[in-house]
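Text of the file entry.cif, holding mmCIF, C-alpha atoms:
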```cif
data_work
#
loop_
_atom_site.label_atom_id
_atom_site.label_comp_id
_atom_site.auth_asym_id
_atom_site.auth_seq_id
_atom_site.Cartn_x
_atom_site.Cartn_y
_atom_site.Cartn_z
CA MET E 1 132.01 107.14 90.17
CA ARG E 2 135.41 108.82 90.39
CA ILE E 3 133.80 112.22 89.83
CA LYS E 4 131.34 111.57 92.67
CA LYS E 5 134.18 110.57 95.01
CA PHE E 6 136.12 113.70 94.06
CA VAL E 7 133.11 115.88 94.80
CA VAL E 8 132.62 114.23 98.21
CA ILE E 9 136.29 114.66 99.11
CA LEU E 10 136.24 118.28 97.96
CA PHE E 11 133.13 118.91 100.08
CA ILE E 12 134.78 117.40 103.18
CA LEU E 13 137.97 119.42 102.69
CA SER E 14 135.99 122.62 102.18
CA SER E 15 134.01 121.94 105.36
CA MET E 16 137.20 121.33 107.34
CA LEU E 17 138.84 124.50 106.04
CA GLY E 18 135.69 126.50 106.75
CA ALA E 19 135.50 125.19 110.30
CA LYS E 20 139.16 125.99 110.85
CA ALA E 21 138.64 129.52 109.55
CA GLN E 22 135.78 129.98 112.01
CA GLU E 23 137.92 128.94 114.97
CA LYS E 24 138.78 132.30 116.47
CA GLN E 25 140.90 132.96 119.52
CA TYR E 26 139.79 135.44 122.16
CA LYS E 27 141.48 137.17 125.04
CA VAL E 28 139.18 137.09 128.09
CA HIS E 29 139.25 139.25 131.22
CA THR E 30 136.94 138.84 134.21
CA VAL E 31 135.66 141.95 135.98
CA ALA E 32 134.25 141.11 139.41
CA PHE E 33 132.61 142.85 142.33
CA TYR E 34 132.36 141.48 145.87
CA ASN E 35 131.00 142.99 149.07
CA PHE E 36 133.48 141.61 151.62
CA GLU E 37 131.06 142.24 154.53
CA ASN E 38 132.99 143.84 157.37
CA LEU E 39 136.59 143.17 156.44
CA PHE E 40 138.09 144.76 159.56
CA ASP E 41 141.47 144.22 161.13
CA THR E 42 141.72 143.75 164.91
CA ILE E 43 143.17 147.20 165.68
CA ASN E 44 140.98 149.72 167.47
CA ASN E 45 141.06 152.82 165.25
CA PRO E 46 139.41 156.24 165.74
CA ASN E 47 136.42 155.22 163.60
CA ILE E 48 133.59 153.21 165.12
CA ASP E 49 135.21 149.77 164.91
CA GLU E 50 135.26 148.71 168.57
CA GLU E 51 132.88 145.88 167.65
CA TRP E 52 135.62 144.36 165.48
CA THR E 53 138.32 144.06 168.11
CA PRO E 54 139.34 141.15 170.37
CA THR E 55 137.33 142.61 173.27
CA GLY E 56 134.46 143.90 171.16
CA LEU E 57 131.05 142.40 170.43
CA GLN E 58 132.37 140.18 167.64
CA ARG E 59 135.38 139.00 169.67
CA TRP E 60 137.33 139.67 166.46
CA THR E 61 140.69 137.99 167.07
CA SER E 62 143.71 137.61 164.79
CA LYS E 63 142.70 134.00 164.22
CA LYS E 64 139.25 135.04 162.98
CA TYR E 65 140.67 137.85 160.88
CA ASN E 66 143.16 135.54 159.18
CA GLN E 67 140.42 132.98 158.55
CA LYS E 68 138.31 135.70 156.93
CA LEU E 69 141.22 136.63 154.66
CA GLU E 70 141.76 133.00 153.70
CA ASN E 71 138.05 132.54 152.96
CA LEU E 72 137.87 135.63 150.77
CA SER E 73 141.04 134.70 148.88
CA LYS E 74 139.57 131.28 148.12
CA VAL E 75 136.57 132.95 146.52
CA LEU E 76 138.47 135.63 144.65
CA MET E 77 140.81 133.24 142.88
CA GLN E 78 137.83 131.30 141.49
CA ILE E 79 135.32 133.96 140.43
CA GLY E 80 134.48 133.54 136.76
CA THR E 81 136.84 130.63 136.17
CA ASN E 82 135.62 127.78 133.96
CA ASP E 83 136.77 125.59 131.07
CA GLN E 84 137.30 128.64 128.86
CA GLN E 85 138.58 131.09 131.48
CA LYS E 86 141.34 129.77 133.73
CA GLU E 87 142.59 133.03 135.22
CA ALA E 88 141.38 134.80 138.35
CA PRO E 89 139.62 138.14 137.80
CA THR E 90 141.66 140.92 136.26
CA PHE E 91 139.63 143.47 138.23
CA ILE E 92 137.96 143.05 141.62
CA GLY E 93 135.84 145.91 142.88
CA CYS E 94 135.17 145.55 146.59
CA SER E 95 133.24 147.18 149.40
CA GLU E 96 133.09 147.09 153.21
CA VAL E 97 136.85 147.24 153.68
CA GLU E 98 138.19 149.11 156.69
CA ASN E 99 141.40 150.46 155.16
CA GLN E 100 144.14 149.79 152.64
CA GLY E 101 145.95 147.61 155.16
CA VAL E 102 143.30 144.88 155.05
CA LEU E 103 143.52 144.82 151.25
CA GLU E 104 147.30 144.52 151.47
CA ASP E 105 146.86 141.58 153.85
CA LEU E 106 144.34 140.03 151.47
CA ILE E 107 146.47 140.11 148.32
CA LYS E 108 149.35 138.53 150.26
CA GLN E 109 147.31 135.41 150.93
CA PRO E 110 148.85 132.24 149.43
CA ASN E 111 145.93 131.92 146.97
CA LEU E 112 146.49 135.42 145.60
CA ILE E 113 150.10 136.47 146.06
CA LYS E 114 151.29 134.95 142.78
CA ILE E 115 148.61 136.85 140.85
CA ASP E 116 150.29 140.12 141.86
CA TYR E 117 147.33 142.41 142.42
CA GLY E 118 147.66 146.16 142.71
CA ILE E 119 145.38 148.25 144.94
CA VAL E 120 143.51 151.51 144.48
CA HIS E 121 141.88 152.70 147.71
CA PHE E 122 140.89 155.92 149.47
CA ASP E 123 139.53 156.42 152.97
CA SER E 124 135.93 157.59 152.80
CA PRO E 125 133.97 159.68 155.34
CA ASP E 126 131.59 156.80 156.16
CA ARG E 127 131.02 156.79 159.90
CA ARG E 128 131.57 153.02 160.17
CA GLY E 129 134.92 153.44 158.50
CA ILE E 130 134.13 151.18 155.53
CA ASP E 131 135.35 152.00 152.06
CA VAL E 132 135.40 150.72 148.49
CA GLY E 133 138.50 149.66 146.59
CA LEU E 134 139.77 148.13 143.38
CA LEU E 135 142.21 145.26 142.96
CA TYR E 136 143.78 144.80 139.53
CA GLN E 137 146.28 142.46 137.95
CA LYS E 138 149.42 144.48 137.33
CA LYS E 139 150.44 142.46 134.30
CA HIS E 140 147.25 143.41 132.46
CA PHE E 141 146.19 146.83 133.75
CA LYS E 142 148.20 150.04 134.08
CA PRO E 143 146.31 152.77 135.97
CA THR E 144 146.91 156.32 134.79
CA SER E 145 144.62 158.19 137.17
CA PHE E 146 142.34 157.53 140.11
CA ILE E 147 140.16 159.72 142.28
CA ASN E 148 137.55 159.41 145.01
CA ILE E 149 134.43 161.41 144.26
CA PRO E 150 132.28 162.28 147.30
CA LEU E 151 128.53 161.76 147.30
CA ILE E 152 127.21 164.94 148.93
CA ILE E 153 123.73 164.30 150.32
CA TYR E 154 121.67 165.69 153.19
CA ARG E 155 118.94 164.18 155.28
CA GLY E 156 117.09 167.45 155.74
CA ASN E 157 114.17 167.31 158.15
CA VAL E 158 113.36 163.62 157.72
CA ASN E 159 112.42 162.03 161.02
CA VAL E 160 112.79 158.29 161.46
CA ASN E 161 110.02 156.80 163.61
CA GLU E 162 109.95 153.40 165.27
CA LYS E 163 108.07 151.79 162.37
CA ASP E 164 110.71 152.99 159.92
CA LYS E 165 113.49 151.64 162.12
CA LYS E 166 112.00 148.16 161.90
CA GLU E 167 112.05 148.39 158.09
CA LYS E 168 115.81 148.82 157.79
CA GLU E 169 117.25 146.10 155.62
CA THR E 170 121.03 146.40 155.62
CA ASP E 171 123.89 147.90 157.61
CA GLU E 172 123.19 150.98 159.69
CA ASP E 173 125.32 153.50 157.87
CA ILE E 174 123.02 156.48 157.46
CA THR E 175 123.21 159.16 160.07
CA GLU E 176 123.19 162.93 160.34
CA VAL E 177 126.67 164.30 160.95
CA GLY E 178 127.37 167.99 161.48
CA ILE E 179 125.11 170.98 161.70
CA ASN E 180 124.04 170.74 158.06
CA ASN E 181 122.67 167.18 158.43
CA ARG E 182 124.99 165.84 155.76
CA VAL E 183 124.83 162.07 155.33
CA TYR E 184 128.40 160.79 155.35
CA THR E 185 128.58 157.74 153.13
CA ARG E 186 131.07 156.04 150.82
CA ASP E 187 132.82 157.93 148.04
CA ILE E 188 132.68 156.72 144.46
CA LEU E 189 136.03 155.44 143.22
CA LEU E 190 136.97 156.24 139.62
CA VAL E 191 140.00 154.52 138.10
CA THR E 192 141.24 155.08 134.55
CA GLY E 193 143.99 153.12 132.86
CA PHE E 194 145.01 150.77 130.08
CA LEU E 195 143.84 147.16 129.90
CA ASP E 196 146.32 145.41 127.63
CA GLY E 197 146.78 148.70 125.80
CA GLU E 198 143.12 149.82 125.66
CA GLU E 199 141.88 152.65 127.84
CA ILE E 200 139.06 151.79 130.22
CA ASN E 201 137.29 153.63 133.07
CA ILE E 202 136.05 151.76 136.14
CA MET E 203 133.79 153.09 138.88
CA VAL E 204 133.31 151.30 142.21
CA ASN E 205 130.26 152.09 144.36
CA HIS E 206 128.67 151.25 147.68
CA TRP E 207 125.51 153.30 147.84
CA PRO E 208 123.69 154.41 151.03
CA SER E 209 121.79 151.64 152.76
CA ARG E 210 118.06 151.28 153.36
CA SER E 211 118.41 152.11 157.04
CA GLY E 212 115.32 154.04 158.12
CA GLY E 213 113.16 152.42 155.45
CA GLU E 214 113.50 151.85 151.73
CA LYS E 215 111.26 154.72 150.65
CA LYS E 216 112.70 157.37 152.95
CA SER E 217 116.28 156.43 152.10
CA SER E 218 115.63 156.10 148.36
CA PRO E 219 116.53 159.76 147.57
CA PHE E 220 120.09 159.09 148.75
CA ARG E 221 120.54 156.22 146.31
CA GLU E 222 118.84 158.21 143.56
CA ALA E 223 121.45 160.90 144.14
CA ALA E 224 124.17 158.26 143.85
CA GLY E 225 122.72 157.13 140.54
CA ARG E 226 122.68 160.69 139.22
CA LEU E 227 126.29 161.19 140.33
CA ASN E 228 127.29 158.06 138.40
CA ARG E 229 125.60 159.50 135.33
CA LYS E 230 127.33 162.86 135.83
CA ILE E 231 130.74 161.18 136.07
CA MET E 232 130.08 159.22 132.88
CA ASP E 233 129.00 162.36 131.03
CA SER E 234 132.19 164.11 132.17
CA ILE E 235 134.28 161.23 130.80
CA TYR E 236 132.44 161.37 127.47
CA LYS E 237 133.17 165.09 127.13
CA VAL E 238 136.85 164.19 127.04
CA ASN E 239 136.47 161.02 124.96
CA SER E 240 133.19 160.27 123.21
CA ASN E 241 134.33 156.69 122.62
CA ALA E 242 135.30 155.99 126.22
CA LYS E 243 134.71 152.51 127.63
CA ILE E 244 133.11 152.71 131.08
CA ILE E 245 132.18 150.10 133.67
CA THR E 246 130.30 150.99 136.85
CA MET E 247 129.87 148.39 139.57
CA GLY E 248 129.03 148.01 143.21
CA ASP E 249 126.65 147.16 146.00
CA LEU E 250 123.89 149.61 145.17
CA ASN E 251 121.48 148.67 147.98
CA ASP E 252 118.86 148.91 145.25
CA GLY E 253 117.60 146.46 142.67
CA THR E 254 117.98 146.64 138.92
CA TYR E 255 114.41 147.97 138.71
CA ASN E 256 114.77 150.87 141.16
CA LYS E 257 114.64 154.53 140.16
CA SER E 258 118.28 155.08 141.13
CA VAL E 259 119.39 152.59 138.47
CA LYS E 260 116.71 152.98 135.79
CA GLU E 261 116.48 156.78 135.87
CA GLY E 262 119.56 157.95 137.76
CA ILE E 263 122.04 155.99 135.66
CA GLY E 264 119.62 155.33 132.82
CA ALA E 265 120.46 151.62 132.63
CA LYS E 266 118.62 149.53 130.04
CA LEU E 267 117.35 145.95 130.10
CA LYS E 268 118.10 145.19 126.45
CA LYS E 269 121.15 145.97 124.35
CA SER E 270 118.86 147.17 121.57
CA GLU E 271 117.54 149.90 123.88
CA VAL E 272 120.97 151.38 124.58
CA LYS E 273 121.72 154.56 122.64
CA GLN E 274 125.01 156.46 122.34
CA PHE E 275 126.44 157.26 125.78
CA GLY E 276 123.89 154.83 127.26
CA VAL E 277 124.32 152.00 129.76
CA TYR E 278 123.47 148.31 129.59
CA ASN E 279 122.67 146.36 132.77
CA PRO E 280 122.91 142.57 132.22
CA PHE E 281 121.77 141.90 135.77
CA GLU E 282 118.25 143.17 135.15
CA GLN E 283 117.40 140.14 133.03
CA MET E 284 119.17 137.91 135.55
CA TYR E 285 116.87 139.26 138.26
CA LYS E 286 113.83 138.68 136.06
CA ASP E 287 115.03 135.09 135.64
CA GLY E 288 114.95 134.58 139.42
CA ASN E 289 118.63 135.00 140.30
CA ALA E 290 119.87 136.76 143.43
CA SER E 291 123.11 138.07 144.93
CA LEU E 292 121.65 138.42 148.44
CA PHE E 293 118.55 137.55 150.45
CA TYR E 294 116.43 139.33 153.02
CA ARG E 295 113.36 137.88 154.73
CA ASP E 296 113.38 134.96 152.29
CA ALA E 297 113.29 137.27 149.27
CA GLY E 298 116.20 137.34 146.84
CA ASP E 299 117.40 140.41 144.96
CA ILE E 300 120.42 141.65 143.02
CA PHE E 301 121.91 144.69 144.73
CA ASP E 302 125.38 143.82 143.39
CA GLN E 303 125.53 144.93 139.78
CA ILE E 304 128.04 145.60 137.01
CA MET E 305 126.90 147.85 134.16
CA VAL E 306 128.72 148.66 130.93
CA SER E 307 128.69 151.57 128.52
CA GLU E 308 127.28 151.42 124.99
CA THR E 309 130.85 151.39 123.67
CA LEU E 310 131.35 147.96 125.25
CA ILE E 311 128.36 146.32 123.55
CA LYS E 312 129.02 147.39 119.98
CA GLU E 313 129.32 144.71 117.32
CA GLY E 314 132.67 143.10 116.61
CA TYR E 315 135.48 142.08 118.91
CA SER E 316 138.42 143.97 117.41
CA SER E 317 138.63 145.74 120.79
CA PHE E 318 137.35 144.71 124.20
CA ARG E 319 133.60 144.11 124.39
CA TYR E 320 131.18 142.87 127.02
CA TRP E 321 130.46 139.15 126.58
CA LYS E 322 128.28 137.86 129.42
CA ALA E 323 127.62 138.15 133.16
CA GLY E 324 127.21 135.84 136.13
CA ILE E 325 126.70 135.46 139.87
CA TYR E 326 129.31 133.34 141.62
CA ASN E 327 127.23 131.24 144.01
CA LYS E 328 129.08 127.94 144.31
CA SER E 329 127.85 125.47 146.92
CA PHE E 330 130.61 126.19 149.45
CA LEU E 331 129.35 129.78 149.68
CA ILE E 332 125.81 128.76 150.56
CA GLN E 333 124.35 128.09 154.01
CA THR E 334 123.05 124.51 153.97
CA THR E 335 121.14 124.27 157.25
CA GLY E 336 119.02 126.26 159.67
CA GLN E 337 116.89 129.37 159.31
CA TYR E 338 119.09 130.85 156.61
CA LYS E 339 119.44 127.78 154.42
CA GLY E 340 120.14 128.89 150.84
CA TYR E 341 121.51 132.29 151.92
CA PRO E 342 125.16 133.30 151.46
CA GLN E 343 127.24 131.82 154.26
CA ARG E 344 128.22 134.81 156.37
CA HIS E 345 130.04 135.34 159.68
CA SER E 346 128.32 134.00 162.77
CA ALA E 347 129.10 133.80 166.47
CA ASN E 348 130.77 130.42 166.01
CA ASP E 349 132.07 130.43 162.45
CA VAL E 350 133.92 132.80 160.17
CA GLY E 351 132.03 132.73 156.90
CA TYR E 352 132.44 134.59 153.64
CA SER E 353 129.90 137.38 153.11
CA ASP E 354 126.17 138.08 153.11
CA HIS E 355 126.49 138.75 149.36
CA PHE E 356 127.50 136.56 146.43
CA PRO E 357 130.13 138.02 144.08
CA VAL E 358 129.07 139.10 140.60
CA TYR E 359 131.14 139.31 137.43
CA VAL E 360 131.21 140.07 133.72
CA TYR E 361 133.57 138.98 130.97
CA LEU E 362 135.33 141.31 128.56
CA ILE E 363 136.61 139.64 125.39
CA LYS E 364 138.70 140.63 122.41
CA GLU E 365 139.58 138.69 119.29
CA VAL E 366 143.23 137.76 119.03
CA LYS E 367 144.57 138.16 115.52
#
```
Step by step, read the file and then write its structure as structure tokens.
Amino acid sequence: MRIKKFVVILFILSSMLGAKAQEKQYKVHTVAFYNFENLFDTINNPNIDEEWTPTGLQRWTSKKYNQKLENLSKVLMQIGTNDQQKEAPTFIGCSEVENQGVLEDLIKQPNLIKIDYGIVHFDSPDRRGIDVGLLYQKKHFKPTSFINIPLIIYRGNVNVNEKDKKEKETDEDITEVGINNRVYTRDILLVTGFLDGEEINIMVNHWPSRSGGEKKSSPFREAAGRLNRKIMDSIYKVNSNAKIITMGDLNDGTYNKSVKEGIGAKLKKSEVKQFGVYNPFEQMYKDGNASLFYRDAGDIFDQIMVSETLIKEGYSSFRYWKAGIYNKSFLIQTTGQYKGYPQRHSANDVGYSDHFPVYVYLIKEVK
């Protein structure tokens, strides 16, 4: 009997020690992207922003602007937070910002000021004056270089007829400018630096819209996809083990040629070869998720993709963990024609955005 009791006690102790040994601690960082949808100040600048002034079409007053900032800050501080992750995102890629000034106003909001975000931003040649940017927590990330890379594309002899005009699905940002018919759109932002001591490269995108029709505008987004791939290949020539994240509002789905062929993004981790790219949002789309809606159809234009180096086995250095779409109830329209859509700005109310934010987690085992 005593021997049996000893065996039972030994088994229990072994189980407890084994469980304790399996309890591992991880450092978690959230990487988010959010289309801010027309984050303009109230000042009339040389770009085409008259609509977003106190006397313009939107009657964009200081009160509305400050409410927009407060709304966005409420979202940003919560993206990706849960029982395991308490901190606000370490990185926030953003699009549709007018200038660096609006980002400076945003990070000074009461919800965000204690987080101490830094800003990387460049003015782009987009005719509406909207740019991309990156916010980062200074205590975790130290940028070493950053550059804006122009997307050089031309419309050529494409004519947009009335039928095509009715097909446009997002903001009107495609236009011929100059004698060479160049399409002036957003630059791609590339930021390199050290995340808690590990080098990482982050690209922020806002690809040309579907103005003029999806098919006729597709070549512009395909060019953006190829430029992403070219940038990645250039990084790999310097460091074959580089960790790369590319994110943004692509104005294309996970299934489109710009993403599947231009970038070469894969649905499954097992399909990703060296220097390849994994897109976790493709499966999310197949599962019926959406980051925006148009004509009652949902899609995921907002995507974050990671390099093969971030999906390798083991967590001795930072690795991709999982992805999500932040679509809490307060961000969703609850009544009317657009019930279920993201709650955006209207004539009477200052909303959030016509997109939901997206995010991924990077994790590393703490020894």
For the provided coordinates, the residues matched by the PyMOL selection byres ((chain E and resi 356) around 6) should be stated as an mmCIF file with C-alpha atoms, keeping the file's coordinate frame.
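Result file is selection_5.cif:
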```
data_model
loop_
_atom_site.group_PDB
_atom_site.id
_atom_site.type_symbol
_atom_site.label_atom_id
_atom_site.label_comp_id
_atom_site.auth_asym_id
_atom_site.auth_seq_id
_atom_site.Cartn_x
_atom_site.Cartn_y
_atom_site.Cartn_z
ATOM 1 C CA SER E 291 123.110 138.070 144.930
ATOM 2 C CA ASN E 327 127.230 131.240 144.010
ATOM 3 C CA HIS E 355 126.490 138.750 149.360
ATOM 4 C CA PRO E 357 130.130 138.020 144.080
#
```
Handout entry: For Arg186 of chain E, the nearest of the candidates E:Met232, E:Ile202, E:Ile119, E:Leu250, counting all atoms listed in the file
Key = E:Leu250
Can you pull out every residue within 12 Å of Asp105 of chain E, counting all atoms listed in the file, but drop anything in the same chain fewer than 3 positions away, and send it as a PDB file with C-alpha atoms, keeping the file's coordinate frame?
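What ended up in out-v3.pdb:
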```
ATOM      1  CA  LEU E  39     136.590 143.170 156.440  1.00  0.00           C
ATOM      2  CA  PHE E  40     138.090 144.760 159.560  1.00  0.00           C
ATOM      3  CA  ASP E  41     141.470 144.220 161.130  1.00  0.00           C
ATOM      4  CA  TYR E  65     140.670 137.850 160.880  1.00  0.00           C
ATOM      5  CA  ASN E  66     143.160 135.540 159.180  1.00  0.00           C
ATOM      6  CA  GLN E  67     140.420 132.980 158.550  1.00  0.00           C
ATOM      7  CA  LYS E  68     138.310 135.700 156.930  1.00  0.00           C
ATOM      8  CA  LEU E  69     141.220 136.630 154.660  1.00  0.00           C
ATOM      9  CA  GLU E  70     141.760 133.000 153.700  1.00  0.00           C
ATOM     10  CA  LEU E  72     137.870 135.630 150.770  1.00  0.00           C
ATOM     11  CA  SER E  73     141.040 134.700 148.880  1.00  0.00           C
ATOM     12  CA  VAL E  97     136.850 147.240 153.680  1.00  0.00           C
ATOM     13  CA  GLU E  98     138.190 149.110 156.690  1.00  0.00           C
ATOM     14  CA  ASN E  99     141.400 150.460 155.160  1.00  0.00           C
ATOM     15  CA  GLN E 100     144.140 149.790 152.640  1.00  0.00           C
ATOM     16  CA  GLY E 101     145.950 147.610 155.160  1.00  0.00           C
ATOM     17  CA  VAL E 102     143.300 144.880 155.050  1.00  0.00           C
ATOM     18  CA  LYS E 108     149.350 138.530 150.260  1.00  0.00           C
ATOM     19  CA  GLN E 109     147.310 135.410 150.930  1.00  0.00           C
ATOM     20  CA  PRO E 110     148.850 132.240 149.430  1.00  0.00           C
ATOM     21  CA  ASN E 111     145.930 131.920 146.970  1.00  0.00           C
ATOM     22  CA  LEU E 112     146.490 135.420 145.600  1.00  0.00           C
ATOM     23  CA  ILE E 113     150.100 136.470 146.060  1.00  0.00           C
ATOM     24  CA  TYR E 117     147.330 142.410 142.420  1.00  0.00           C
ATOM     25  CA  ILE E 119     145.380 148.250 144.940  1.00  0.00           C
TER      26      ILE E 119
END
```
Exercise for the section: Please evaluate the PyMOL selection byres ((chain E and resi 55-58) around 12) against the structure above and give the resulting residues as a PyMOL selection string. Expected result: chain E and resi 38+40-44+48-54+59-62+64-65+345-350
Handout entry: Best match for closeness to Tyr359 of chain E among E:Glu23, E:Ala223, E:Ile130, E:Cys94, counting all atoms listed in the file
Key = E:Cys94
Handout entry: Residue list as a PyMOL selection string for point (114.3, 150.6, 139.1), cut-off 12 Å, all atoms listed in the file
Key = chain E and resi 218+221-222+225+250-267+279+281-282+285+300-301
Would you write out those residues with C-alpha atoms, as a CSV table (one decimal), in the frame of the given file?
```
chain,number,residue,atom,x,y,z
E,218,SER,CA,115.6,156.1,148.4
E,221,ARG,CA,120.5,156.2,146.3
E,222,GLU,CA,118.8,158.2,143.6
E,225,GLY,CA,122.7,157.1,140.5
E,250,LEU,CA,123.9,149.6,145.2
E,251,ASN,CA,121.5,148.7,148.0
E,252,ASP,CA,118.9,148.9,145.2
E,253,GLY,CA,117.6,146.5,142.7
E,254,THR,CA,118.0,146.6,138.9
E,255,TYR,CA,114.4,148.0,138.7
E,256,ASN,CA,114.8,150.9,141.2
E,257,LYS,CA,114.6,154.5,140.2
E,258,SER,CA,118.3,155.1,141.1
E,259,VAL,CA,119.4,152.6,138.5
E,260,LYS,CA,116.7,153.0,135.8
E,261,GLU,CA,116.5,156.8,135.9
E,262,GLY,CA,119.6,158.0,137.8
E,263,ILE,CA,122.0,156.0,135.7
E,264,GLY,CA,119.6,155.3,132.8
E,265,ALA,CA,120.5,151.6,132.6
E,266,LYS,CA,118.6,149.5,130.0
E,267,LEU,CA,117.4,146.0,130.1
E,279,ASN,CA,122.7,146.4,132.8
E,281,PHE,CA,121.8,141.9,135.8
E,282,GLU,CA,118.2,143.2,135.2
E,285,TYR,CA,116.9,139.3,138.3
E,300,ILE,CA,120.4,141.6,143.0
E,301,PHE,CA,121.9,144.7,144.7
```
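Among the candidates E:Leu189, E:Leu292, E:Ile115, E:Ile363, the residue lying nearest to Lys27 of chain E is E:Ile363 (atoms considered: only C-alpha atoms).
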Report as a tab-separated table the residues of segment 90-109 of chain E within 12 Å of segment 79-83 of chain E, each with its shortest atom pair and distance in Å (one decimal), using only C-alpha atoms, ordered by chain and increasing residue number.
```
residue	atom	partner	partner_atom	distance
E:Thr90	CA	E:Ile79	CA	10.3
E:Phe91	CA	E:Ile79	CA	10.7
E:Ile92	CA	E:Ile79	CA	9.5
```
Mind writing the picked residues with C-alpha atoms as a PDB file, in the coordinates of the input?
```
ATOM      1  CA  THR E  90     141.660 140.920 136.260  1.00  0.00           C
ATOM      2  CA  PHE E  91     139.630 143.470 138.230  1.00  0.00           C
ATOM      3  CA  ILE E  92     137.960 143.050 141.620  1.00  0.00           C
TER       4      ILE E  92
END
```
Handout entry: Nearby residues (only C-alpha atoms) at most 12 Å from segment 149-157 of chain E, same-chain spacing under 2 positions excluded, as JSON, numbers by chain
Key = {"E": [121, 122, 123, 124, 125, 126, 131, 132, 146, 147, 159, 160, 174, 175, 176, 177, 178, 179, 180, 181, 182, 183, 184, 185, 186, 187, 188, 189, 190, 191, 203, 204, 205, 206, 207, 208, 212, 216, 217, 218, 219, 220, 221, 222, 223, 224, 225, 226, 227, 228, 230, 231]}
Fill in the blank from the handout: With distances taken over only C-alpha atoms, the candidate from E:Arg229, E:Arg319, E:Lys142, E:Lys367 nearest Lys243 of chain E is E:Arg319
